[in-house]
2 protein chains.
Amino acid sequence: MRIGKQSVKFENKPVICAAASIVGKKEGEGPLADDFDVIVADDYFGEKSWEKAESRFQEETAKLALEKANLTEEEAQFVLAGDLLNQCIGAHYAMRDLNIPFLGLYGACSTMTESLMLASMLISGNMADNALCLTSSHFCSAEKQFRYPLEYGGQRTPTSQWTVTGSGAAVLKSNGNGPHIIAATPGKIIDMGISDANNMGGAMAPAAADTLTALFNDTDTEPEDYDLILTGDLGVVGSDVLCELMDKKGKNIYPVHNDCGKLIFDIKKQDVHAGASGCGCCGSVFCGHIYKQLCEKKIKRMILMATGALMNSMTLFQGETIPAIAHAVIIESGEE
Amino acid sequence: MRIGKQSVKFENKPVICAAASIVGKKEGEGPLADDFDVIVADDYFGEKSWEKAESRFQEETAKLALEKANLTEEEAQFVLAGDLLNQCIGAHYAMRDLNIPFLGLYGACSTMTESLMLASMLISGNMADNALCLTSSHFCSAEKQFRYPLEYGGQRTPTSQWTVTGSGAAVLKSNGNGPHIIAATPGKIIDMGISDANNMGGAMAPAAADTLTALFNDTDTEPEDYDLILTGDLGVVGSDVLCELMDKKGKNIYPVHNDCGKLIFDIKKQDVHAGASGCGCCGSVFCGHIYKQLCEKKIKRMILMATGALMNSMTLFQGETIPAIAHAVIIESGEE
């Protein structure tokens, strides 16, 4: 059911009945290591290219999530997936051996919440009984595609973020036990004129502020109604910008805000400059650490809002700025 | 409501209340010229790059469709859009000035039906009252990205298809007059081992056969129940393969099958080898010629099934084959 100007409230609340996360070596050396299902030491995951490795991350994570949800490929009704690679090949090659109707999404780093939101709409609207939400990123395939060849050893700027190598998958069902999604706010494309590809957090923060403001208005809630407002990967710079933008709108989110891009690495020790990024950042942090906290009821009510920068490397060479988007879902841990 | 193994039947049938199409010069010289809203002689559409031109095609088409539907940007609830360009920049730059919640899709040339299907699910499931479905392609941006620089003047193989320059947009509403979508069958990713980037039709035909078979089974219908089974852009080669594959499964679709990639150009006179392709092919043919025929009730019941090839140019260099997908919707013209 639509509420307010741009949000949807789910009368039949979809349950996140299982989640899985598989990450790379560096992510496995970070503070959330204990909450990932699998840590893969080999950047190539036994494959011959980084792109194939990224697909392998998605495929293995998808299978693990389905297994945890006790769902066979036969029973799974939809997979909603995407990633950062040109033409979303991470998802396509991962899913070609799984015999499940496929809905391809592109939301850049907002993909995890775009998929959770759309899957919730399909399930709540009685179009599906279950759906698999899936995304990934890979440091090497992303650097190669968006920035410089790794061999070049380019210097990273202070505002740059480190793309997470990893994948997250969540299985939603129309009923059962587990944290559930109670509402969602789809984002609009916002472009505030930033054109620095090494300051993604700054480019995405205004989109996050726009969606979050709509969410508060539409659901008639305040920051203090949530244990956690978790953005996807604004990193250190973008998180500061978001909190400040919200403060100017009279919403103090400082006490409850955190960001997947700040959580997954020990930012100083692991030398990741402004934090982490990539579809796999929100994917693996949510499907690992956060999902566990929801299940343990350490978090009772939260907003998960992944953000995406919607340019490609060529548009910036053509003098364009960076359009961005943020999609939010509200998740509750459920009954005591 | 789910029916059969992988289809959805819409109890509240979304109405396609308006559609718009804008195409390039070559498309405007083809047999469907009279049914496009605008024909743009300039490949650059007044912009400085082919990519910006492609965005302009989407933006203008979206605005035109909204205008025809008497829907303001304020009232529009969702836009579901995507295209072939890396990171779907065609849609993102087109939509950044329109203040509408945005759901980014990637289905390659299957995008038109992926968006119609998802929008129908959102509307029928009471998650939205209306949605704009939008896609585009551009011959020059596609050649540059997927094949050779245009200046190189590469020879085209006999099975190659000509990417349509154009955009199609359709506005769906929960009620009103016009053709309506009664059911949909989302496709699975099918990879039959074809690796020739100049034979997209052949690579996509097995995915089309898979989805069409599921549709017939799930809806308990036969080819003769439809006035038209229209595929997205299998072209000449892929259409033959599809009809033959279906024939082997005991479904004779020859009398009712046609393909947008065969309709938009005069294949011989316009020298387009195996026909047309691109998201904008199904987009502009459906939103122009076919939508008009539905409104005039010359077509009473049809299947629209766009197909997508889900590789990128790099995966083929890495020795991969082409995964493909097809999403189908069933459309009826409505009461006499």
# chains A, B, ... in the order shown; residues from 1 in each chain; ligands from 1
call {"tool": "interface_residues", "arguments": {"of": "chain A", "to": "chain B", "cutoff": "6 Å", "atoms": "only C-alpha atoms", "output": "PyMOL selection string"}}
result
chain A and resi 1-2+86-87+96+100-102+104-107+125-127+186-189+312
call {"tool": "write_last_selection", "arguments": {"atoms": "all heavy atoms", "output": "compact mmCIF listing (two decimals), in the first residue's frame"}}
result
# COMPACT_ATOMS: atom_id res chain seq x y z
N MET A 1 0.84 -1.18 0.00
CA MET A 1 0.00 0.00 0.00
C MET A 1 0.88 1.24 0.00
O MET A 1 1.83 1.31 0.76
CB MET A 1 -0.87 0.00 1.27
CG MET A 1 -1.95 1.05 1.26
SD MET A 1 -2.86 1.05 2.85
CE MET A 1 -1.65 1.78 3.94
N ARG A 2 0.57 2.19 -0.89
CA ARG A 2 1.36 3.41 -0.92
C ARG A 2 1.06 4.27 0.29
O ARG A 2 -0.09 4.42 0.70
CB ARG A 2 1.06 4.20 -2.19
CG ARG A 2 1.68 3.56 -3.41
CD ARG A 2 1.50 4.43 -4.61
NE ARG A 2 2.19 5.70 -4.45
CZ ARG A 2 3.47 5.90 -4.72
NH1 ARG A 2 4.22 4.93 -5.15
NH2 ARG A 2 4.01 7.09 -4.57
N ASN A 86 30.08 -3.98 -16.43
CA ASN A 86 29.37 -3.63 -17.65
C ASN A 86 28.39 -4.75 -18.01
O ASN A 86 28.75 -5.92 -18.03
CB ASN A 86 30.37 -3.46 -18.81
CG ASN A 86 31.29 -2.27 -18.61
OD1 ASN A 86 31.01 -1.41 -17.77
ND2 ASN A 86 32.38 -2.22 -19.36
N GLN A 87 27.16 -4.35 -18.30
CA GLN A 87 26.08 -5.28 -18.64
C GLN A 87 25.85 -6.32 -17.53
O GLN A 87 25.35 -7.42 -17.80
CB GLN A 87 26.33 -5.96 -20.00
CG GLN A 87 26.14 -5.07 -21.22
CD GLN A 87 27.25 -4.01 -21.36
OE1 GLN A 87 28.41 -4.33 -21.31
NE2 GLN A 87 26.86 -2.77 -21.52
N ARG A 96 23.32 -18.31 -14.62
CA ARG A 96 22.88 -19.08 -15.79
C ARG A 96 22.72 -20.57 -15.49
O ARG A 96 22.02 -21.27 -16.20
CB ARG A 96 23.82 -18.86 -16.98
CG ARG A 96 25.17 -19.47 -16.82
CD ARG A 96 26.01 -19.29 -18.07
NE ARG A 96 27.41 -19.37 -17.69
CZ ARG A 96 28.40 -19.34 -18.55
NH1 ARG A 96 28.15 -19.20 -19.83
NH2 ARG A 96 29.64 -19.44 -18.13
N ILE A 100 16.24 -20.40 -12.21
CA ILE A 100 15.28 -19.56 -11.48
C ILE A 100 14.94 -18.33 -12.32
O ILE A 100 15.84 -17.70 -12.87
CB ILE A 100 15.90 -19.08 -10.14
CG1 ILE A 100 16.45 -20.26 -9.33
CG2 ILE A 100 14.86 -18.31 -9.31
CD1 ILE A 100 17.23 -19.84 -8.08
N PRO A 101 13.65 -17.98 -12.46
CA PRO A 101 13.30 -16.75 -13.18
C PRO A 101 14.11 -15.56 -12.65
O PRO A 101 14.23 -15.38 -11.43
CB PRO A 101 11.80 -16.60 -12.91
CG PRO A 101 11.33 -18.01 -12.77
CD PRO A 101 12.44 -18.71 -12.03
N PHE A 102 14.65 -14.79 -13.59
CA PHE A 102 15.67 -13.79 -13.25
C PHE A 102 15.21 -12.39 -13.61
O PHE A 102 14.79 -12.13 -14.74
CB PHE A 102 16.95 -14.14 -14.02
CG PHE A 102 18.07 -13.17 -13.81
CD1 PHE A 102 18.96 -13.33 -12.77
CD2 PHE A 102 18.24 -12.07 -14.66
CE1 PHE A 102 20.00 -12.44 -12.56
CE2 PHE A 102 19.27 -11.17 -14.46
CZ PHE A 102 20.16 -11.35 -13.40
N GLY A 104 16.87 -8.78 -13.81
CA GLY A 104 18.14 -8.06 -13.74
C GLY A 104 17.94 -6.61 -13.33
O GLY A 104 17.10 -5.91 -13.90
N LEU A 105 18.70 -6.18 -12.34
CA LEU A 105 18.60 -4.81 -11.85
C LEU A 105 19.92 -4.09 -12.07
O LEU A 105 20.98 -4.69 -12.05
CB LEU A 105 18.31 -4.80 -10.34
CG LEU A 105 17.12 -5.63 -9.85
CD1 LEU A 105 16.97 -5.46 -8.34
CD2 LEU A 105 15.84 -5.22 -10.57
N TYR A 106 19.84 -2.78 -12.30
CA TYR A 106 21.06 -1.98 -12.20
C TYR A 106 20.80 -0.78 -11.30
O TYR A 106 20.01 0.11 -11.66
CB TYR A 106 21.61 -1.52 -13.55
CG TYR A 106 22.94 -0.86 -13.30
CD1 TYR A 106 24.08 -1.63 -13.11
CD2 TYR A 106 23.05 0.51 -13.13
CE1 TYR A 106 25.30 -1.06 -12.78
CE2 TYR A 106 24.27 1.10 -12.79
CZ TYR A 106 25.38 0.31 -12.62
OH TYR A 106 26.57 0.87 -12.27
N GLY A 107 21.43 -0.75 -10.17
CA GLY A 107 21.31 0.38 -9.26
C GLY A 107 22.66 0.76 -8.72
O GLY A 107 22.75 1.43 -7.70
N GLY A 125 2.62 -8.02 -2.61
CA GLY A 125 1.54 -7.87 -3.58
C GLY A 125 1.01 -9.19 -4.11
O GLY A 125 0.24 -9.22 -5.06
N ASN A 126 1.49 -10.29 -3.50
CA ASN A 126 1.01 -11.63 -3.85
C ASN A 126 1.43 -12.07 -5.26
O ASN A 126 0.75 -12.86 -5.90
CB ASN A 126 -0.52 -11.68 -3.70
CG ASN A 126 -1.02 -13.10 -3.54
OD1 ASN A 126 -0.28 -13.97 -3.08
ND2 ASN A 126 -2.26 -13.35 -3.95
N MET A 127 2.53 -11.54 -5.74
CA MET A 127 3.05 -11.94 -7.05
C MET A 127 4.09 -13.06 -6.90
O MET A 127 4.51 -13.68 -7.88
CB MET A 127 3.73 -10.75 -7.76
CG MET A 127 2.82 -9.57 -7.97
SD MET A 127 1.52 -9.91 -9.19
CE MET A 127 0.17 -9.00 -8.46
N PRO A 186 11.48 4.12 -2.41
CA PRO A 186 12.34 4.14 -3.60
C PRO A 186 12.88 5.55 -3.83
O PRO A 186 12.19 6.53 -3.54
CB PRO A 186 11.39 3.74 -4.72
CG PRO A 186 10.04 4.16 -4.25
CD PRO A 186 10.05 4.04 -2.75
N GLY A 187 14.08 5.64 -4.31
CA GLY A 187 14.71 6.94 -4.48
C GLY A 187 14.53 7.53 -5.87
O GLY A 187 14.19 6.84 -6.83
N LYS A 188 14.74 8.84 -5.94
CA LYS A 188 14.78 9.54 -7.23
C LYS A 188 16.25 9.75 -7.61
O LYS A 188 17.13 9.70 -6.74
CB LYS A 188 14.11 10.90 -7.08
CG LYS A 188 12.64 10.81 -6.71
CD LYS A 188 12.09 12.19 -6.35
CE LYS A 188 10.61 12.10 -6.02
NZ LYS A 188 10.05 13.38 -5.60
N ILE A 189 16.49 10.03 -8.86
CA ILE A 189 17.87 10.31 -9.28
C ILE A 189 18.19 11.77 -8.96
O ILE A 189 17.48 12.68 -9.38
CB ILE A 189 18.06 10.03 -10.78
CG1 ILE A 189 17.79 8.54 -11.07
CG2 ILE A 189 19.47 10.40 -11.23
CD1 ILE A 189 17.95 8.14 -12.53
N ASN A 312 29.04 6.38 -15.69
CA ASN A 312 30.10 5.43 -15.99
C ASN A 312 31.38 6.22 -16.26
O ASN A 312 31.37 7.46 -16.24
CB ASN A 312 29.72 4.45 -17.12
CG ASN A 312 29.68 5.07 -18.50
OD1 ASN A 312 30.18 6.16 -18.73
ND2 ASN A 312 29.07 4.37 -19.42
call {"tool": "select_by_dssp", "arguments": {"residues": "range 175-259 of chain B", "states": "strand (DSSP E)", "output": "PyMOL selection string"}}
result
chain B and resi 180-185+228-231+257-259
call {"tool": "select_by_dssp", "arguments": {"residues": "range 90-313 of chain B", "states": "alpha helix (DSSP H)", "output": "number ranges by chain"}}
result
B: 90-95, 111-124, 139-146, 200-219, 235-248, 260-263, 279-285, 291-295, 313
call {"tool": "atom_distance", "arguments": {"atom1": "CA of Pro31 in chain A", "atom2": "CA of Gly46 in chain A"}}
result
25.5 Å
call {"tool": "closest_residue", "arguments": {"among": "B:Glu27, B:Asp225, B:Asp247, B:Glu296", "to": "Ile267 in chain B", "atoms": "only C-alpha atoms"}}
result
B:Glu27
call {"tool": "closest_residue", "arguments": {"among": "B:Tyr148, B:Asn175, B:Gly166, B:His273", "to": "Asn199 in chain B", "atoms": "only C-alpha atoms"}}
result
B:His273
call {"tool": "residues_around", "arguments": {"residues": "Thr113 in chain B", "least_positions_apart": "6", "cutoff": "10 Å", "atoms": "only C-alpha atoms", "output": "MDAnalysis selection string"}}
result
chainID B and resid 107 119 133:135 184:186 232 279 282:283 286 304:307 326:329
call {"tool": "closest_residue", "arguments": {"among": "A:Asn70, A:Ser277, A:Thr165, A:Gln145", "to": "Gln58 in chain A", "atoms": "only C-alpha atoms"}}
result
A:Thr165
call {"tool": "atom_distance", "arguments": {"atom1": "CA of Thr157 in chain B", "atom2": "CA of Leu234 in chain B"}}
result
15.4 Å
call {"tool": "atom_distance", "arguments": {"atom1": "CA of Ala169 in chain B", "atom2": "CA of Cys295 in chain B"}}
result
15.7 Å
call {"tool": "residues_around", "arguments": {"residues": "Gly28 in chain B", "least_positions_apart": "5", "cutoff": "7 Å", "atoms": "only C-alpha atoms", "output": "list in words"}}
result
Val23, Ala33 and Ile39 of chain B
call {"tool": "residues_around", "arguments": {"residues": "Gln270 in chain A", "least_positions_apart": "4", "cutoff": "12 Å", "atoms": "only C-alpha atoms", "output": "compact mmCIF listing (two decimals) with C-alpha atoms, in the first residue's frame"}}
result
# COMPACT_ATOMS: atom_id res chain seq x y z
CA LYS A 25 40.79 -11.87 2.09
CA LYS A 26 41.01 -8.19 3.02
CA GLU A 27 37.36 -8.11 4.14
CA GLY A 28 38.10 -11.26 6.15
CA GLU A 29 40.84 -9.37 8.00
CA GLY A 30 38.46 -6.60 9.03
CA PRO A 31 36.36 -6.13 12.17
CA GLN A 161 36.79 4.32 -1.26
CA TRP A 162 37.95 0.73 -1.49
CA LYS A 262 32.82 2.48 7.60
CA LEU A 263 32.12 -0.87 9.26
CA ILE A 264 33.68 -3.50 7.04
CA PHE A 265 37.31 -2.37 7.27
CA ASP A 266 39.45 -0.97 10.04
CA ALA A 274 37.50 7.13 3.05
CA GLY A 275 36.15 3.62 3.66
CA ALA A 276 34.62 0.92 1.52
call {"tool": "residues_around", "arguments": {"residues": "Gly202 in chain B", "least_positions_apart": "6", "cutoff": "8 Å", "atoms": "only C-alpha atoms", "output": "PDB file with N, CA, C and O atoms, in the first residue's frame"}}
result
ATOM      1  N   ILE B 194      26.368 -20.581 -27.558  1.00  0.00           N
ATOM      2  CA  ILE B 194      26.734 -19.776 -28.725  1.00  0.00           C
ATOM      3  C   ILE B 194      27.665 -18.640 -28.289  1.00  0.00           C
ATOM      4  O   ILE B 194      27.445 -18.005 -27.264  1.00  0.00           O
ATOM      5  N   LEU B 234      14.708 -10.980 -32.351  1.00  0.00           N
ATOM      6  CA  LEU B 234      15.442 -12.181 -32.762  1.00  0.00           C
ATOM      7  C   LEU B 234      15.950 -12.021 -34.189  1.00  0.00           C
ATOM      8  O   LEU B 234      16.880 -12.705 -34.608  1.00  0.00           O
ATOM      9  N   VAL B 237      17.295 -14.644 -38.461  1.00  0.00           N
ATOM     10  CA  VAL B 237      17.909 -15.922 -38.081  1.00  0.00           C
ATOM     11  C   VAL B 237      17.277 -16.463 -36.796  1.00  0.00           C
ATOM     12  O   VAL B 237      16.840 -17.608 -36.727  1.00  0.00           O
ATOM     13  N   GLY B 238      17.206 -15.625 -35.778  1.00  0.00           N
ATOM     14  CA  GLY B 238      16.673 -16.067 -34.491  1.00  0.00           C
ATOM     15  C   GLY B 238      15.199 -16.446 -34.568  1.00  0.00           C
ATOM     16  O   GLY B 238      14.759 -17.381 -33.902  1.00  0.00           O
ATOM     17  N   VAL B 241      14.944 -19.895 -35.878  1.00  0.00           N
ATOM     18  CA  VAL B 241      15.343 -20.864 -34.849  1.00  0.00           C
ATOM     19  C   VAL B 241      14.217 -21.038 -33.828  1.00  0.00           C
ATOM     20  O   VAL B 241      13.869 -22.158 -33.454  1.00  0.00           O
TER      21      VAL B 241
END
call {"tool": "closest_residue", "arguments": {"among": "A:Thr231, A:Ser137, A:Thr213, A:Thr159", "to": "Met246 in chain A", "atoms": "only C-alpha atoms"}}
result
A:Thr213
call {"tool": "residues_around", "arguments": {"residues": "Arg147 in chain A", "least_positions_apart": "6", "cutoff": "12 Å", "atoms": "only C-alpha atoms", "output": "JSON, numbers by chain"}}
result
{"A": [139, 140, 141, 153, 154, 155, 156, 160, 161, 162, 163, 196, 197, 198, 312, 313, 314, 316]}
